[in-house]
>>> print(open('data_31.csv').read())   # CSV, C-alpha atoms
chain,number,residue,atom,x,y,z
A,1,MET,CA,23.3,235.3,15.6
A,2,ILE,CA,22.6,233.3,12.4
A,3,ALA,CA,19.5,231.9,14.1
A,4,ASP,CA,18.3,235.4,14.9
A,5,GLN,CA,18.7,236.4,11.3
A,6,ASP,CA,16.8,233.4,10.1
A,7,GLN,CA,14.0,234.2,12.5
A,8,GLU,CA,13.8,237.8,11.1
A,9,ARG,CA,13.7,236.6,7.5
A,10,GLU,CA,10.8,234.1,8.0
A,11,PRO,CA,8.2,236.9,8.6
A,12,VAL,CA,9.5,238.8,5.6
A,13,GLU,CA,9.3,235.7,3.4
A,14,ASP,CA,5.8,234.9,4.7
A,15,PHE,CA,4.7,238.4,3.9
A,16,MET,CA,6.2,238.2,0.4
A,17,ARG,CA,4.5,234.9,-0.3
A,18,THR,CA,1.2,236.3,1.0
A,19,ARG,CA,1.6,239.3,-1.3
A,20,ARG,CA,2.3,237.1,-4.3
A,21,VAL,CA,-0.8,235.0,-3.6
A,22,GLU,CA,-2.8,238.2,-3.2
A,23,ARG,CA,-1.5,239.5,-6.5
A,24,PHE,CA,-2.3,236.2,-8.2
A,25,VAL,CA,-5.8,236.1,-6.8
A,26,ILE,CA,-6.4,239.7,-7.8
A,27,ALA,CA,-5.0,239.1,-11.3
A,28,THR,CA,-7.1,236.0,-11.7
A,29,GLY,CA,-10.2,237.9,-10.6
A,30,LEU,CA,-9.5,240.8,-12.9
A,31,ALA,CA,-9.0,238.3,-15.8
A,32,LEU,CA,-12.3,236.6,-15.0
A,33,LEU,CA,-14.0,240.0,-14.7
A,34,ALA,CA,-12.6,241.0,-18.1
A,35,LEU,CA,-13.9,237.8,-19.6
A,36,TRP,CA,-17.3,238.4,-18.2
A,37,VAL,CA,-17.4,242.0,-19.3
A,38,GLY,CA,-16.3,241.0,-22.8
A,39,ALA,CA,-18.9,238.3,-23.0
A,40,TRP,CA,-21.6,240.7,-21.8
A,41,ILE,CA,-20.6,243.3,-24.4
A,42,GLN,CA,-20.5,240.7,-27.2
A,43,ARG,CA,-24.0,239.4,-26.1
A,44,THR,CA,-25.4,242.9,-25.9
A,45,VAL,CA,-24.0,243.9,-29.3
A,46,SER,CA,-25.1,240.6,-30.9
A,47,ALA,CA,-28.6,241.0,-29.5
A,48,ARG,CA,-28.9,244.6,-30.8
A,49,ALA,CA,-27.6,243.5,-34.1
A,50,ALA,CA,-30.1,240.7,-34.3
A,51,VAL,CA,-32.9,243.2,-33.4
A,52,ARG,CA,-31.7,245.5,-36.2
A,53,ARG,CA,-31.6,242.6,-38.7
A,54,PHE,CA,-35.1,241.6,-37.7
A,55,ALA,CA,-36.4,245.1,-38.1
A,56,ALA,CA,-34.7,245.4,-41.5
A,57,GLU,CA,-36.1,242.1,-42.7
A,58,GLN,CA,-39.5,243.0,-41.4
A,59,ALA,CA,-39.4,246.3,-43.3
A,60,GLN,CA,-38.3,244.5,-46.4
A,61,ALA,CA,-41.1,242.0,-46.1
A,62,LEU,CA,-43.7,244.7,-45.7
A,63,GLN,CA,-42.3,246.5,-48.7
A,64,ALA,CA,-42.6,243.3,-50.7
A,65,MET,CA,-46.2,242.8,-49.7
A,66,PRO,CA,-48.7,244.0,-52.3
A,67,ALA,CA,-50.0,247.5,-51.5
A,68,ALA,CA,-53.6,247.8,-50.4
A,69,VAL,CA,-56.0,248.6,-53.1
A,70,ARG,CA,-59.6,249.9,-52.5
A,71,ASP,CA,-62.0,248.2,-54.8
A,72,PRO,CA,-63.9,250.7,-56.9
A,73,ALA,CA,-67.2,248.7,-56.7
A,74,SER,CA,-67.3,248.0,-53.0
A,75,GLY,CA,-65.2,250.9,-51.7
A,76,ILE,CA,-63.4,248.5,-49.4
A,77,PRO,CA,-59.6,247.7,-49.4
A,78,VAL,CA,-58.9,244.3,-50.9
A,79,ASP,CA,-57.0,241.9,-48.6
A,80,PHE,CA,-54.2,240.3,-50.7
A,81,SER,CA,-52.6,238.4,-47.8
A,82,MET,CA,-53.7,235.0,-49.1
A,83,TRP,CA,-53.5,235.8,-52.9
A,84,SER,CA,-50.9,234.6,-55.3
A,85,GLY,CA,-48.6,237.3,-56.8
A,86,LYS,CA,-49.9,236.5,-60.3
A,87,ARG,CA,-53.5,236.9,-59.2
A,88,VAL,CA,-52.8,240.3,-57.6
A,89,ASP,CA,-51.2,241.6,-60.8
A,90,SER,CA,-54.2,240.3,-62.8
A,91,TYR,CA,-56.6,241.9,-60.5
A,92,LYS,CA,-54.9,245.3,-60.7
A,93,GLN,CA,-54.9,245.1,-64.5
A,94,SER,CA,-58.6,244.2,-64.5
A,95,LEU,CA,-59.4,247.4,-62.7
A,96,VAL,CA,-58.4,249.2,-66.0
A,97,ASP,CA,-59.9,246.7,-68.4
A,98,LYS,CA,-63.2,246.0,-66.8
A,99,THR,CA,-65.3,249.0,-65.6
A,100,ASP,CA,-68.9,247.9,-66.0
A,101,ARG,CA,-71.2,247.8,-63.0
A,102,PRO,CA,-71.5,244.5,-61.0
A,103,LEU,CA,-74.8,242.7,-60.5
A,104,ALA,CA,-74.3,242.6,-56.8
A,105,LEU,CA,-71.9,242.5,-53.9
A,106,LEU,CA,-71.1,239.2,-52.2
A,107,ARG,CA,-70.4,239.6,-48.5
A,108,ILE,CA,-69.0,236.9,-46.2
A,109,PRO,CA,-68.7,238.5,-42.7
A,110,LYS,CA,-66.6,235.6,-41.3
A,111,LEU,CA,-63.9,236.1,-44.0
A,112,HIS,CA,-64.2,239.9,-44.0
A,113,LEU,CA,-64.8,239.5,-47.7
A,114,GLU,CA,-66.8,241.9,-49.9
A,115,VAL,CA,-66.4,241.3,-53.6
A,116,PRO,CA,-68.3,242.4,-56.7
A,117,VAL,CA,-70.3,239.8,-58.6
A,118,TYR,CA,-70.3,240.1,-62.4
A,119,ASN,CA,-72.2,238.3,-65.1
A,120,ASP,CA,-70.1,235.4,-66.6
A,121,THR,CA,-67.0,233.6,-65.6
A,122,ASP,CA,-64.4,234.6,-68.3
A,123,ASP,CA,-60.8,235.3,-67.2
A,124,LEU,CA,-61.2,239.0,-67.1
A,125,THR,CA,-64.3,238.8,-64.9
A,126,LEU,CA,-62.8,236.4,-62.4
A,127,ASN,CA,-59.7,238.5,-62.2
A,128,ARG,CA,-61.8,241.5,-61.4
A,129,GLY,CA,-64.2,239.8,-58.9
A,130,VAL,CA,-66.4,236.7,-58.9
A,131,GLY,CA,-68.9,235.8,-61.6
A,132,ARG,CA,-72.4,234.4,-61.9
A,133,ILE,CA,-72.2,231.1,-63.7
A,134,LEU,CA,-74.3,231.4,-66.9
A,135,GLY,CA,-77.3,229.1,-66.9
A,136,THR,CA,-77.8,229.3,-63.2
A,137,ALA,CA,-80.6,231.5,-61.6
A,138,GLN,CA,-80.5,235.2,-61.9
A,139,ILE,CA,-79.6,237.0,-58.7
A,140,GLY,CA,-82.8,237.9,-56.8
A,141,ALA,CA,-85.0,235.6,-59.0
A,142,GLY,CA,-85.0,232.6,-56.7
A,143,GLY,CA,-83.6,229.1,-57.5
A,144,ASN,CA,-79.9,228.2,-57.5
A,145,VAL,CA,-77.5,231.0,-58.1
A,146,GLY,CA,-74.0,229.7,-59.0
A,147,ILE,CA,-71.0,232.0,-58.4
A,148,ALA,CA,-67.4,231.1,-59.3
A,149,GLY,CA,-64.2,232.7,-58.1
A,150,HIS,CA,-60.4,232.0,-58.2
A,151,ARG,CA,-58.9,229.8,-55.4
A,152,ASP,CA,-55.8,232.0,-55.3
A,153,GLY,CA,-57.8,235.2,-55.2
A,154,PHE,CA,-61.1,236.3,-53.7
A,155,PHE,CA,-62.3,232.7,-53.0
A,156,ARG,CA,-59.2,231.4,-51.2
A,157,GLY,CA,-60.9,232.1,-47.9
A,158,LEU,CA,-63.7,229.6,-48.6
A,159,LYS,CA,-61.5,226.9,-47.1
A,160,ASP,CA,-62.3,228.4,-43.7
A,161,LEU,CA,-66.1,228.3,-44.0
A,162,VAL,CA,-68.3,225.8,-42.0
A,163,PRO,CA,-72.0,225.1,-41.9
A,164,GLY,CA,-73.9,227.9,-40.2
A,165,ASP,CA,-71.7,230.7,-41.6
A,166,GLU,CA,-73.6,233.6,-43.1
A,167,ILE,CA,-73.3,234.9,-46.7
A,168,GLU,CA,-75.0,237.9,-48.1
A,169,LEU,CA,-75.9,239.1,-51.6
A,170,ALA,CA,-76.5,242.8,-51.7
A,171,ARG,CA,-78.1,244.7,-54.5
A,172,ILE,CA,-79.2,248.3,-54.8
A,173,GLY,CA,-82.0,248.7,-52.2
A,174,GLN,CA,-82.1,245.0,-51.3
A,175,SER,CA,-80.0,242.4,-49.5
A,176,GLU,CA,-80.5,238.6,-49.3
A,177,SER,CA,-79.0,236.5,-46.5
A,178,TYR,CA,-78.0,232.9,-46.9
A,179,VAL,CA,-76.7,230.3,-44.4
A,180,VAL,CA,-74.1,227.7,-45.4
A,181,GLU,CA,-75.7,224.2,-45.4
A,182,ASN,CA,-72.9,222.0,-46.6
A,183,ILE,CA,-69.4,221.9,-48.1
A,184,HIS,CA,-68.2,219.2,-50.5
A,185,ILE,CA,-65.8,218.5,-53.3
A,186,VAL,CA,-66.6,217.2,-56.7
A,187,ASN,CA,-65.0,216.6,-60.1
A,188,PRO,CA,-65.2,219.3,-62.7
A,189,GLU,CA,-67.7,217.3,-64.8
A,190,ASP,CA,-70.1,217.0,-61.9
A,191,VAL,CA,-72.5,219.9,-62.6
A,192,SER,CA,-75.3,218.5,-60.5
A,193,VAL,CA,-74.4,221.1,-57.9
A,194,LEU,CA,-75.7,223.8,-60.2
A,195,GLU,CA,-79.1,222.2,-60.8
A,196,GLN,CA,-82.1,224.4,-60.0
A,197,THR,CA,-83.7,224.2,-56.5
A,198,GLN,CA,-87.1,224.9,-55.1
A,199,VAL,CA,-85.7,227.2,-52.4
A,200,PRO,CA,-83.5,230.2,-53.0
A,201,THR,CA,-80.0,228.7,-53.0
A,202,LEU,CA,-76.4,230.1,-53.4
A,203,THR,CA,-73.7,227.8,-54.7
A,204,LEU,CA,-70.1,229.1,-54.5
A,205,VAL,CA,-67.6,227.3,-56.7
A,206,THR,CA,-63.8,227.4,-56.8
A,207,CYS,CA,-60.9,225.1,-57.8
A,208,PHE,CA,-59.5,222.6,-55.3
A,209,PRO,CA,-57.0,221.9,-53.7
A,210,PHE,CA,-56.5,225.5,-52.8
A,211,TYR,CA,-52.7,225.4,-53.0
A,212,TYR,CA,-52.3,222.9,-55.8
A,213,ILE,CA,-49.6,223.8,-58.3
A,214,GLY,CA,-51.0,223.8,-61.9
A,215,SER,CA,-54.6,223.2,-63.0
A,216,ALA,CA,-56.5,222.0,-59.9
A,217,PRO,CA,-58.3,218.6,-60.5
A,218,GLN,CA,-61.4,219.2,-58.4
A,219,ARG,CA,-64.0,221.8,-57.4
A,220,PHE,CA,-64.7,223.1,-53.9
A,221,ILE,CA,-68.4,223.6,-53.4
A,222,VAL,CA,-70.1,225.8,-50.7
A,223,ARG,CA,-73.9,225.4,-50.7
A,224,ALA,CA,-76.0,227.9,-48.8
A,225,SER,CA,-79.7,228.6,-48.7
A,226,ARG,CA,-82.1,231.3,-47.5
A,227,PRO,CA,-83.1,230.5,-43.9
A,228,GLN,CA,-86.6,228.9,-43.7
A,229,PRO,CA,-89.2,229.6,-41.0
A,230,GLY,CA,-88.4,227.4,-38.0
A,231,GLN,CA,-84.9,226.5,-39.1
A,232,ALA,CA,-82.8,226.7,-36.0
A,233,THR,CA,-79.5,225.0,-36.8
A,234,ALA,CA,-77.4,224.3,-39.9
A,235,PRO,CA,-77.0,220.7,-41.2
A,236,VAL,CA,-73.8,218.8,-40.5
A,237,VAL,CA,-71.1,219.4,-43.2
A,238,GLN,CA,-71.1,216.8,-46.0
A,239,ILE,CA,-67.8,215.7,-47.4
A,240,LYS,CA,-67.6,213.9,-50.7
A,241,SER,CA,-63.9,213.7,-51.2
A,242,LYS,CA,-61.2,211.8,-49.2
A,243,GLU,CA,-58.7,214.6,-50.0
A,244,LYS,CA,-60.9,217.1,-48.0
A,245,GLN,CA,-60.2,214.9,-44.9
A,246,LYS,CA,-56.4,215.2,-45.2
>>> encode(input="data_31.csv", output="structure tokens")
Amino acid sequence: MIADQDQEREPVEDFMRTRRVERFVIATGLALLALWVGAWIQRTVSARAAVRRFAAEQAQALQAMPAAVRDPASGIPVDFSMWSGKRVDSYKQSLVDKTDRPLALLRIPKLHLEVPVYNDTDDLTLNRGVGRILGTAQIGAGGNVGIAGHRDGFFRGLKDLVPGDEIELARIGQSESYVVENIHIVNPEDVSVLEQTQVPTLTLVTCFPFYYIGSAPQRFIVRASRPQPGQATAPVVQIKSKEKQK
């Protein structure tokens, strides 16, 4: 009798053990599923929050960028992306203080640059555009025309020029094209780069290094000339400063 009762209890106990195991497995599975869902939700929320932060920071950065200004002389918007904040402010003020007509427009297609050229290189002139260096040839008269500009303004892009690049000086009813021959760096007292030449020449001058803090110790020189008959290629770049190679 007792043996029969024990035999009857064994299937019941086995069934109960199986149910407990099943409940444990199900509970474990639900717990793991909950953890996965929680991790997925957190990841999704974090990703969306990161996207919102990025969008907000981008909008803030765009607002902080100088607003585009169309130059009255050229009629073309000025690209301030490489300018210093101080130079941008000085340029905007110069639009009010300097209203005389420029001598010409300097165009450098590679740099998407078009800037008015004025006579002289005083602070107001170089804030407004670029300036013909007094004592050099008059624009359109032949010889060596020297033009100076600020390294943290219109002439910052000169760092990207190479021999063979084109430069244009446009006047009313006339345009003169030049080809970059060489690029070199000199000390401020070396004015030999501005000496007169037999062929029409254009010499662009700015301070160097371009991102130097304070008064830059050297001058970056771009020498270009009018293409001569039979000239097929530009000379190899000439470098006269070790710092240019760094």
>>> atom_distance(input="data_31.csv", atom1="atom CA of Ala170 of chain A", atom2="atom CA of Tyr118 of chain A")
12.7 Å
>>> closest_atom_pairs(input="data_31.csv", of="segment 80-111 of chain A", to="segment 155-159 of chain A", cutoff="10 Å", atoms="all atoms listed in the file", output="JSON lines")
{"residue": "A:Met82", "atom": "CA", "partner": "A:Arg156", "partner_atom": "CA", "distance": 6.9}
{"residue": "A:Trp83", "atom": "CA", "partner": "A:Arg156", "partner_atom": "CA", "distance": 7.4}
{"residue": "A:Ser84", "atom": "CA", "partner": "A:Arg156", "partner_atom": "CA", "distance": 9.8}
{"residue": "A:Ile108", "atom": "CA", "partner": "A:Leu158", "partner_atom": "CA", "distance": 9.3}
{"residue": "A:Lys110", "atom": "CA", "partner": "A:Gly157", "partner_atom": "CA", "distance": 9.4}
{"residue": "A:Leu111", "atom": "CA", "partner": "A:Gly157", "partner_atom": "CA", "distance": 6.3}
>>> atom_distance(input="data_31.csv", atom1="atom CA of Pro217 of chain A", atom2="atom CA of Ala148 of chain A")
15.5 Å
>>> atom_distance(input="data_31.csv", atom1="atom CA of Val179 of chain A", atom2="atom CA of Arg223 of chain A")
8.5 Å
>>> closest_atom_pairs(input="data_31.csv", of="segment 152-212 of chain A", to="segment 131-144 of chain A", cutoff="6 Å", atoms="all atoms listed in the file", output="CSV")
residue,atom,partner,partner_atom,distance
A:Gln196,CA,A:Asn144,CA,5.1
A:Thr197,CA,A:Gly143,CA,5.0
A:Gln198,CA,A:Gly143,CA,6.0
A:Val199,CA,A:Gly143,CA,5.8
A:Pro200,CA,A:Gly143,CA,4.6
A:Thr201,CA,A:Asn144,CA,4.5
A:Leu202,CA,A:Asn144,CA,5.7
>>> residues_around(input="data_31.csv", residues="Val130 of chain A", least_positions_apart="2", cutoff="12 Å", atoms="only C-alpha atoms", output="PyMOL selection string")
chain A and resi 91+102-107+113-128+132-133+146-151+153-156+204-206
>>> build_atoms(input="data_31.csv", residues="segment 170-195 of chain A", atoms="N, CA and C atoms", output="PDB file, in the coordinates of the input")
ATOM      1  N   ALA A 170     -75.869 241.492 -51.815  1.00  0.00           N
ATOM      2  CA  ALA A 170     -76.500 242.800 -51.700  1.00  0.00           C
ATOM      3  C   ALA A 170     -76.602 243.451 -53.071  1.00  0.00           C
ATOM      4  N   ARG A 171     -77.817 243.945 -53.338  1.00  0.00           N
ATOM      5  CA  ARG A 171     -78.100 244.700 -54.500  1.00  0.00           C
ATOM      6  C   ARG A 171     -78.570 246.088 -54.145  1.00  0.00           C
ATOM      7  N   ILE A 172     -78.755 246.948 -55.101  1.00  0.00           N
ATOM      8  CA  ILE A 172     -79.200 248.300 -54.800  1.00  0.00           C
ATOM      9  C   ILE A 172     -80.613 248.214 -54.167  1.00  0.00           C
ATOM     10  N   GLY A 173     -80.700 248.644 -52.937  1.00  0.00           N
ATOM     11  CA  GLY A 173     -82.000 248.700 -52.200  1.00  0.00           C
ATOM     12  C   GLY A 173     -82.459 247.348 -51.705  1.00  0.00           C
ATOM     13  N   GLN A 174     -81.642 246.297 -51.796  1.00  0.00           N
ATOM     14  CA  GLN A 174     -82.100 245.000 -51.300  1.00  0.00           C
ATOM     15  C   GLN A 174     -80.895 244.119 -50.950  1.00  0.00           C
ATOM     16  N   SER A 175     -81.103 243.284 -49.955  1.00  0.00           N
ATOM     17  CA  SER A 175     -80.000 242.400 -49.500  1.00  0.00           C
ATOM     18  C   SER A 175     -80.658 241.027 -49.165  1.00  0.00           C
ATOM     19  N   GLU A 176     -80.006 239.960 -49.573  1.00  0.00           N
ATOM     20  CA  GLU A 176     -80.500 238.600 -49.300  1.00  0.00           C
ATOM     21  C   GLU A 176     -79.446 237.857 -48.494  1.00  0.00           C
ATOM     22  N   SER A 177     -79.906 237.233 -47.423  1.00  0.00           N
ATOM     23  CA  SER A 177     -79.000 236.500 -46.500  1.00  0.00           C
ATOM     24  C   SER A 177     -79.147 235.001 -46.727  1.00  0.00           C
ATOM     25  N   TYR A 178     -78.007 234.320 -46.704  1.00  0.00           N
ATOM     26  CA  TYR A 178     -78.000 232.900 -46.900  1.00  0.00           C
ATOM     27  C   TYR A 178     -77.163 232.281 -45.693  1.00  0.00           C
ATOM     28  N   VAL A 179     -77.419 230.996 -45.427  1.00  0.00           N
ATOM     29  CA  VAL A 179     -76.700 230.300 -44.400  1.00  0.00           C
ATOM     30  C   VAL A 179     -76.051 229.029 -45.033  1.00  0.00           C
ATOM     31  N   VAL A 180     -74.771 228.821 -44.783  1.00  0.00           N
ATOM     32  CA  VAL A 180     -74.100 227.700 -45.400  1.00  0.00           C
ATOM     33  C   VAL A 180     -74.685 226.376 -44.834  1.00  0.00           C
ATOM     34  N   GLU A 181     -75.074 225.503 -45.750  1.00  0.00           N
ATOM     35  CA  GLU A 181     -75.700 224.200 -45.400  1.00  0.00           C
ATOM     36  C   GLU A 181     -74.623 223.097 -45.416  1.00  0.00           C
ATOM     37  N   ASN A 182     -73.862 223.034 -46.501  1.00  0.00           N
ATOM     38  CA  ASN A 182     -72.900 222.000 -46.600  1.00  0.00           C
ATOM     39  C   ASN A 182     -71.736 222.376 -47.510  1.00  0.00           C
ATOM     40  N   ILE A 183     -70.654 221.656 -47.370  1.00  0.00           N
ATOM     41  CA  ILE A 183     -69.400 221.900 -48.100  1.00  0.00           C
ATOM     42  C   ILE A 183     -68.957 220.557 -48.665  1.00  0.00           C
ATOM     43  N   HIS A 184     -68.713 220.467 -49.955  1.00  0.00           N
ATOM     44  CA  HIS A 184     -68.200 219.200 -50.500  1.00  0.00           C
ATOM     45  C   HIS A 184     -67.338 219.455 -51.705  1.00  0.00           C
ATOM     46  N   ILE A 185     -66.721 218.401 -52.174  1.00  0.00           N
ATOM     47  CA  ILE A 185     -65.800 218.500 -53.300  1.00  0.00           C
ATOM     48  C   ILE A 185     -66.213 217.523 -54.379  1.00  0.00           C
ATOM     49  N   VAL A 186     -66.192 218.032 -55.610  1.00  0.00           N
ATOM     50  CA  VAL A 186     -66.600 217.200 -56.700  1.00  0.00           C
ATOM     51  C   VAL A 186     -65.623 217.317 -57.866  1.00  0.00           C
ATOM     52  N   ASN A 187     -65.782 216.470 -58.847  1.00  0.00           N
ATOM     53  CA  ASN A 187     -65.000 216.600 -60.100  1.00  0.00           C
ATOM     54  C   ASN A 187     -65.546 217.640 -60.970  1.00  0.00           C
ATOM     55  N   PRO A 188     -64.733 218.204 -61.851  1.00  0.00           N
ATOM     56  CA  PRO A 188     -65.200 219.300 -62.700  1.00  0.00           C
ATOM     57  C   PRO A 188     -66.423 218.969 -63.544  1.00  0.00           C
ATOM     58  N   GLU A 189     -66.539 217.714 -63.976  1.00  0.00           N
ATOM     59  CA  GLU A 189     -67.700 217.300 -64.800  1.00  0.00           C
ATOM     60  C   GLU A 189     -68.975 217.155 -64.070  1.00  0.00           C
ATOM     61  N   ASP A 190     -68.926 217.179 -62.745  1.00  0.00           N
ATOM     62  CA  ASP A 190     -70.100 217.000 -61.900  1.00  0.00           C
ATOM     63  C   ASP A 190     -70.827 218.372 -61.795  1.00  0.00           C
ATOM     64  N   VAL A 191     -71.800 218.626 -62.666  1.00  0.00           N
ATOM     65  CA  VAL A 191     -72.500 219.900 -62.600  1.00  0.00           C
ATOM     66  C   VAL A 191     -73.840 219.815 -61.913  1.00  0.00           C
ATOM     67  N   SER A 192     -74.064 218.687 -61.242  1.00  0.00           N
ATOM     68  CA  SER A 192     -75.300 218.500 -60.500  1.00  0.00           C
ATOM     69  C   SER A 192     -75.458 219.562 -59.398  1.00  0.00           C
ATOM     70  N   VAL A 193     -74.325 220.080 -58.953  1.00  0.00           N
ATOM     71  CA  VAL A 193     -74.400 221.100 -57.900  1.00  0.00           C
ATOM     72  C   VAL A 193     -75.004 222.384 -58.344  1.00  0.00           C
ATOM     73  N   LEU A 194     -75.129 222.546 -59.676  1.00  0.00           N
ATOM     74  CA  LEU A 194     -75.700 223.800 -60.200  1.00  0.00           C
ATOM     75  C   LEU A 194     -77.147 223.616 -60.668  1.00  0.00           C
ATOM     76  N   GLU A 195     -77.729 222.438 -60.418  1.00  0.00           N
ATOM     77  CA  GLU A 195     -79.100 222.200 -60.800  1.00  0.00           C
ATOM     78  C   GLU A 195     -80.042 223.149 -60.012  1.00  0.00           C
TER      79      GLU A 195
END
